[in-house]
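Have a look at upload-v3.txt; it's compact mmCIF, C-alpha atoms and all ligand atoms:
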```
# COMPACT_ATOMS: atom_id res chain seq x y z
CA MET A 1 -12.64 -3.66 -17.58
CA ASP A 2 -15.75 -5.64 -16.69
CA THR A 3 -17.75 -6.81 -19.67
CA PRO A 4 -21.37 -7.96 -19.41
CA HIS A 5 -20.74 -11.46 -20.80
CA GLY A 6 -17.06 -12.13 -20.23
CA PHE A 7 -14.93 -13.08 -17.28
CA HIS A 8 -11.25 -13.04 -16.53
CA ILE A 9 -8.97 -15.55 -14.89
CA THR A 10 -6.10 -14.45 -12.66
CA PHE A 11 -3.13 -16.79 -12.98
CA GLY A 12 -0.28 -17.49 -10.60
CA ARG A 13 -1.41 -16.12 -7.23
CA ILE A 14 1.73 -15.61 -5.14
CA VAL A 15 1.42 -16.79 -1.55
CA PRO A 16 4.39 -17.70 0.67
CA ASP A 17 4.44 -21.36 1.73
CA ARG A 18 5.37 -20.41 5.27
CA TYR A 19 4.24 -17.49 7.42
CA ASP A 20 3.22 -16.64 10.98
CA SER A 21 0.52 -14.07 10.39
CA HIS A 22 -1.88 -13.22 7.60
CA LEU A 23 -3.64 -9.87 7.73
CA GLU A 24 -6.55 -8.90 5.48
CA ARG A 25 -7.36 -5.21 5.21
CA ARG A 26 -10.90 -4.57 4.09
CA LEU A 27 -12.54 -1.44 2.73
CA SER A 28 -14.15 -0.66 6.11
CA SER A 29 -10.72 -0.31 7.76
CA MET A 30 -9.80 2.44 5.23
CA LYS A 31 -12.64 4.82 6.10
CA GLY A 32 -11.53 8.44 5.67
CA GLN A 33 -8.41 7.47 3.69
CA TYR A 34 -9.84 7.75 0.15
CA SER A 35 -10.48 11.17 -1.33
CA ASP A 36 -13.94 10.41 -2.78
CA GLU A 37 -16.14 9.71 0.24
CA GLN A 38 -19.27 9.19 -1.87
CA ALA A 39 -17.55 6.57 -4.00
CA PHE A 40 -16.35 4.94 -0.78
CA ALA A 41 -19.90 4.83 0.60
CA ARG A 42 -21.28 3.42 -2.67
CA LEU A 43 -18.69 0.65 -2.70
CA ALA A 44 -19.31 -0.12 0.98
CA GLN A 45 -23.00 -0.72 0.23
CA ASN A 46 -22.08 -3.73 -1.90
CA GLY A 47 -20.05 -5.47 0.81
CA ASP A 48 -16.64 -5.10 2.37
CA PRO A 49 -13.99 -6.21 -0.15
CA VAL A 50 -10.46 -7.15 0.87
CA LEU A 51 -8.22 -4.41 -0.56
CA TYR A 52 -4.88 -5.86 0.48
CA GLU A 53 -3.23 -8.67 2.43
CA VAL A 54 0.02 -9.04 4.34
CA TYR A 55 1.82 -12.30 5.15
CA GLU A 56 4.57 -11.89 7.73
CA LEU A 57 7.27 -14.02 9.29
CA ALA A 58 7.41 -13.15 12.98
CA ARG A 59 10.66 -12.22 14.72
CA PRO A 60 11.27 -10.66 18.13
CA ALA A 61 11.01 -6.85 18.08
CA VAL A 62 14.63 -6.33 19.13
CA HIS A 63 17.63 -4.59 17.63
CA GLY A 64 19.33 -6.73 14.97
CA GLU A 65 16.26 -8.75 13.96
CA LEU A 66 14.58 -8.27 10.58
CA LEU A 67 10.91 -8.76 9.71
CA SER A 68 10.05 -9.96 6.24
CA GLY A 69 6.90 -10.84 4.38
CA ILE A 70 4.74 -10.40 1.33
CA SER A 71 2.26 -7.61 0.71
CA ILE A 72 -0.48 -8.11 -1.90
CA VAL A 73 -2.57 -5.13 -2.99
CA HIS A 74 -5.53 -6.24 -5.09
CA PRO A 75 -6.61 -4.32 -8.21
CA GLY A 76 -9.51 -1.91 -7.99
CA LYS A 77 -10.46 1.71 -7.35
CA VAL A 78 -12.50 3.77 -4.92
CA GLY A 79 -13.87 6.36 -7.36
CA ASN A 80 -10.79 7.35 -9.35
CA GLU A 81 -8.28 6.43 -6.63
CA TYR A 82 -6.47 3.11 -6.90
CA TYR A 83 -6.53 0.51 -4.10
CA MET A 84 -3.62 1.19 -1.78
CA THR A 85 -2.20 0.34 1.64
CA LYS A 86 -2.91 2.55 4.65
CA GLY A 87 0.70 3.72 4.65
CA HIS A 88 2.72 4.67 7.70
CA PHE A 89 5.81 6.17 9.23
CA HIS A 90 7.89 3.76 11.26
CA GLN A 91 7.49 4.47 14.96
CA LEU A 92 11.27 4.38 15.19
CA LEU A 93 11.58 7.02 12.51
CA GLU A 94 15.24 6.26 11.84
CA THR A 95 14.53 2.79 10.43
CA ALA A 96 14.51 1.93 6.71
CA GLU A 97 12.85 -0.75 4.59
CA VAL A 98 13.55 -2.64 1.37
CA TYR A 99 10.78 -3.57 -1.07
CA TYR A 100 11.21 -6.00 -3.95
CA CYS A 101 8.36 -6.09 -6.43
CA LEU A 102 7.52 -9.65 -7.46
CA ALA A 103 4.47 -9.04 -9.65
CA GLY A 104 2.12 -6.38 -10.92
CA ARG A 105 2.47 -2.63 -11.40
CA GLY A 106 2.11 0.25 -9.05
CA ARG A 107 3.59 3.21 -7.26
CA MET A 108 5.28 3.73 -3.92
CA VAL A 109 4.17 7.06 -2.46
CA THR A 110 6.62 8.44 0.10
CA GLU A 111 7.18 11.58 2.14
CA THR A 112 9.15 12.86 5.12
CA PRO A 113 8.04 14.94 8.12
CA GLU A 114 10.25 17.71 6.65
CA GLY A 115 8.08 18.03 3.52
CA ASP A 116 10.05 16.06 0.92
CA TRP A 117 8.03 13.66 -1.20
CA ALA A 118 8.67 11.12 -3.96
CA VAL A 119 6.58 8.72 -6.02
CA GLU A 120 8.45 5.70 -7.43
CA GLU A 121 7.29 3.15 -9.97
CA LEU A 122 6.85 -0.45 -8.92
CA ALA A 123 7.02 -3.28 -11.46
CA ALA A 124 8.16 -6.91 -11.27
CA GLY A 125 11.90 -7.03 -10.62
CA LYS A 126 12.15 -3.52 -9.16
CA VAL A 127 13.90 -3.08 -5.82
CA LEU A 128 13.06 0.03 -3.80
CA TYR A 129 14.91 1.29 -0.79
CA VAL A 130 12.79 3.39 1.56
CA PRO A 131 15.28 5.36 3.67
CA PRO A 132 14.79 6.19 7.36
CA ARG A 133 12.19 8.96 8.02
CA TRP A 134 10.15 8.28 4.85
CA ALA A 135 6.47 7.31 5.24
CA HIS A 136 5.43 4.80 2.56
CA ARG A 137 2.26 3.55 0.89
CA SER A 138 1.98 1.08 -2.00
CA VAL A 139 -0.64 1.66 -4.69
CA ASN A 140 -1.79 -0.90 -7.27
CA THR A 141 -2.21 0.88 -10.61
CA SER A 142 -2.99 -2.25 -12.63
CA GLU A 143 -6.53 -2.83 -13.90
CA ASN A 144 -6.63 -6.54 -13.13
CA GLU A 145 -3.42 -7.83 -11.51
CA ASP A 146 -2.30 -8.03 -7.90
CA LEU A 147 0.65 -5.86 -6.87
CA VAL A 148 2.93 -8.22 -4.95
CA THR A 149 5.99 -7.01 -3.01
CA LEU A 150 8.45 -8.63 -0.65
CA PHE A 151 9.46 -6.35 2.22
CA VAL A 152 12.22 -6.44 4.84
CA TYR A 153 12.58 -4.00 7.75
CA PRO A 154 14.00 -3.89 11.29
CA ALA A 155 11.78 -5.88 13.66
CA GLU A 156 11.94 -3.11 16.24
CA ALA A 157 10.62 -0.43 13.82
CA GLY A 158 6.93 -0.40 14.84
CA HIS A 159 4.24 1.46 12.88
CA ASP A 160 2.84 4.96 13.26
CA TYR A 161 -0.45 4.84 11.32
CA LYS A 162 -2.04 7.74 13.19
CA THR A 163 -0.09 10.53 11.47
CA ILE A 164 -1.15 9.40 7.98
CA GLU A 165 -4.72 8.64 9.09
CA THR A 166 -5.00 12.16 10.43
CA ARG A 167 -3.35 14.20 7.68
CA GLY A 168 -3.04 11.88 4.66
CA PHE A 169 -0.17 11.82 2.17
CA ARG A 170 0.74 14.96 0.22
CA LYS A 171 0.22 13.15 -3.08
CA LEU A 172 -2.58 10.94 -4.39
CA ILE A 173 -2.41 8.49 -7.30
CA LEU A 174 -5.57 8.95 -9.35
CA ASP A 175 -6.90 7.76 -12.69
CA LEU A 176 -8.43 10.85 -14.28
CA GLY A 177 -8.97 9.05 -17.59
CA LYS A 178 -5.37 8.62 -18.76
CA GLY A 179 -4.05 6.07 -16.28
CA PRO A 180 -2.16 6.77 -13.06
CA GLU A 181 -1.31 10.41 -12.28
CA VAL A 182 0.34 12.03 -9.27
CA VAL A 183 -2.03 14.67 -7.92
CA ASP A 184 -1.78 17.07 -4.97
CA ASN A 185 -3.98 15.89 -2.09
CA PRO A 186 -6.44 18.77 -1.56
CA ALA A 187 -7.24 17.44 1.92
CA TRP A 188 -3.61 17.17 3.06
CA GLY A 189 -3.53 18.49 6.60
CA GLY A 190 0.10 18.90 7.57
C1 LIG B 201 4.87 -3.36 5.06
C2 LIG B 201 3.43 -2.87 5.16
C3 LIG B 201 2.43 -3.59 4.29
C4 LIG B 201 0.99 -3.07 4.52
O1 LIG B 201 5.00 -4.59 5.67
O2 LIG B 201 3.06 -2.99 6.51
O3 LIG B 201 2.76 -3.37 2.94
O4 LIG B 201 0.92 -1.67 4.55
P1 LIG B 201 0.37 -0.88 5.83
O5 LIG B 201 1.16 -1.39 7.01
O6 LIG B 201 0.65 0.56 5.54
O7 LIG B 201 -1.07 -1.20 5.99
C5 LIG B 201 5.71 -2.32 5.78
O8 LIG B 201 5.93 -1.27 5.25
N1 LIG B 201 6.08 -2.60 7.02
O9 LIG B 201 6.80 -1.72 7.74
ZN ZN B 202 7.07 0.06 6.69
```
Conversion result in structure tokens:
Amino acid sequence: MDTPHGFHITFGRIVPDRYDSHLERRLSSMKGQYSDEQAFARLAQNGDPVLYEVYELARPAVHGELLSGISIVHPGKVGNEYYMTKGHFHQLLETAEVYYCLAGRGRMVTETPEGDWAVEELAAGKVLYVPPRWAHRSVNTSENEDLVTLFVYPAEAGHDYKTIETRGFRKLILDLGKGPEVVDNPAWGG
């Protein structure tokens, strides 16, 4: 919570000491992805904050190679919806991914083209396996800490962002006054 006279200090920012690419995703690149468009517009008037960052070690996109890196979702909300990644299916749908949560708290929102869905808790020390066919999005549900995960997936997987951009995920993670809740996405367009 912001207080009028106080400030807070974030300790121990996790950044890998070696990487090939560093991507910053700002609010403007998430247009249409948050449920409260008015809250999105209000936030956008005050600048274009970085919502999350990805550090990746490059490898050739061929069978047998693995890509790894660190994803950092910053704390914050657009209206009552927590900061989150865009989320995607892998272009090669039959490829999986492992996530290892290094710091923070959050949720991994997942679903398949067949209509299954699952929301898993993320907390430091938790390992999550995202099986082939499951779209995935990480959501930071902490009030003031980064959600930091290490990920590993086949280098040939590729990303299909379009499907999620067009129809969204079936489930949203909202704070309706009692902390994070899984809520049906009223705008889901499958
Ligand atoms: C991760 C994600 C990373 C950022 O490396 O790419 O967490 O999320 P978006 O790609 O959805 O913006 C991964 O799942 N790679 O496949
Ligand atoms: Zn992925």
Using only C-alpha atoms and all ligand atoms: which of A:Ser29, A:Gln38, A:Ser142, A:Asn80 has the shortest distance to ligand LIG 201 (chain B): A:Ser29
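Of the listed residues (A:Ala123, A:Leu128, A:Leu67, A:Val182), A:Leu67 comes nearest to Pro154 of chain A; the distances count only C-alpha atoms.
Across A:Ser28, A:Gln33, A:Thr166, A:Ser68, the tightest approach to ligand ZN 202 (chain B) is made by A:Ser68 when counting only C-alpha atoms and all ligand atoms.
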Distance criterion (only C-alpha atoms and all ligand atoms): nearest to ligand LIG 201 (chain B) out of A:Leu43, A:Ala157, A:Leu66, A:Ala124: A:Ala157
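Distances here use all atoms listed in the file; by that measure, the residue among A:Tyr55, A:Glu37, A:Leu93, A:Glu81 closest to Gly177 of chain A is A:Glu81.
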With 7 Å as the cut-off and all atoms listed in the file counted, what is the closest atom pair between each nearby residue of chain A and ligand LIG 201 (chain B)? Distances in Å to one decimal, ordered by chain and number, as JSON lines.
```
{"residue": "A:Val54", "atom": "CA", "partner": "B:LIG201", "partner_atom": "C3", "distance": 6.0}
{"residue": "A:Gly69", "atom": "CA", "partner": "B:LIG201", "partner_atom": "O1", "distance": 6.7}
{"residue": "A:Ser71", "atom": "CA", "partner": "B:LIG201", "partner_atom": "O3", "distance": 4.8}
{"residue": "A:Thr85", "atom": "CA", "partner": "B:LIG201", "partner_atom": "O4", "distance": 4.7}
{"residue": "A:Lys86", "atom": "CA", "partner": "B:LIG201", "partner_atom": "O6", "distance": 4.2}
{"residue": "A:Gly87", "atom": "CA", "partner": "B:LIG201", "partner_atom": "O6", "distance": 3.3}
{"residue": "A:His88", "atom": "CA", "partner": "B:LIG201", "partner_atom": "O6", "distance": 5.1}
{"residue": "A:His90", "atom": "CA", "partner": "B:LIG201", "partner_atom": "O9", "distance": 6.6}
{"residue": "A:Glu97", "atom": "CA", "partner": "B:LIG201", "partner_atom": "O9", "distance": 6.9}
{"residue": "A:His136", "atom": "CA", "partner": "B:LIG201", "partner_atom": "O8", "distance": 6.7}
{"residue": "A:Arg137", "atom": "CA", "partner": "B:LIG201", "partner_atom": "O6", "distance": 5.8}
{"residue": "A:Ser138", "atom": "CA", "partner": "B:LIG201", "partner_atom": "O3", "distance": 6.7}
{"residue": "A:Phe151", "atom": "CA", "partner": "B:LIG201", "partner_atom": "O1", "distance": 5.9}
{"residue": "A:Tyr153", "atom": "CA", "partner": "B:LIG201", "partner_atom": "O9", "distance": 6.2}
{"residue": "A:His159", "atom": "CA", "partner": "B:LIG201", "partner_atom": "O9", "distance": 6.6}
```
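The space between atom CA of Met108 of chain A and atom CA of Asn144 of chain A spans 18.2 Å.
Of the listed residues A:Gly47, A:Gly64, A:Phe40, A:Gln91, the one whose atoms come nearest to Lys162 of chain A is A:Gln91, with distances taken using all atoms listed in the file.
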Using Å and a single decimal, report how far atom CA of Leu102 of chain A sits from atom CA of Lys126 of chain A. 7.9 Å
What's around Glu156 of chain A at 6 Å? Count all atoms listed in the file, leave out sequence neighbours fewer than 2 positions away in its own chain, and write the answer as a ChimeraX atom specification. /A:61-62,154,158
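When atom CA of Glu121 of chain A is paired with atom CA of Arg107 of chain A, their separation reads 4.6 Å.
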What lies within 9 Å of Gly125 of chain A using only C-alpha atoms, ignoring chain neighbours under 6 positions off, as an mmCIF file with C-alpha atoms, in the coordinates of the input?
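Okay, this is what ended up in around.cif:
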```cif
data_model
loop_
_atom_site.group_PDB
_atom_site.id
_atom_site.type_symbol
_atom_site.label_atom_id
_atom_site.label_comp_id
_atom_site.auth_asym_id
_atom_site.auth_seq_id
_atom_site.Cartn_x
_atom_site.Cartn_y
_atom_site.Cartn_z
ATOM 1 C CA TYR A 100 11.210 -6.000 -3.950
ATOM 2 C CA CYS A 101 8.360 -6.090 -6.430
ATOM 3 C CA LEU A 102 7.520 -9.650 -7.460
ATOM 4 C CA ALA A 103 4.470 -9.040 -9.650
#
```
Contacts of Pro132 of chain A at 6 Å (all atoms listed in the file; same-chain gap of 6+ positions) as a PyMOL selection string: chain A and resi 94-96
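Excluding Ile72 of chain A and any residue on its chain fewer than 5 positions from it, the residues at most 10 Å away by only C-alpha atoms are Arg13, Ile14, Val15, Glu24, Leu51, Tyr52, Glu53, Val54, Tyr55, Met84, Thr85, Leu102, Ala103, Gly104, Ser138, Asn140, Asp146, Leu147, Val148, Thr149 and Leu150 of chain A.
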Using all atoms listed in the file, find all polymer residues with an atom at most 12 Å away from the point (-3.5, 16.7, -6.1); report them as a ChimeraX atom specification. /A:35,81,168-176,181-188
Exercise: residues within 7 Å of coordinate (2.7, 2.8, -11.6), counting all atoms listed in the file, as a ChimeraX atom specification: /A:105-107,121-122,141,180
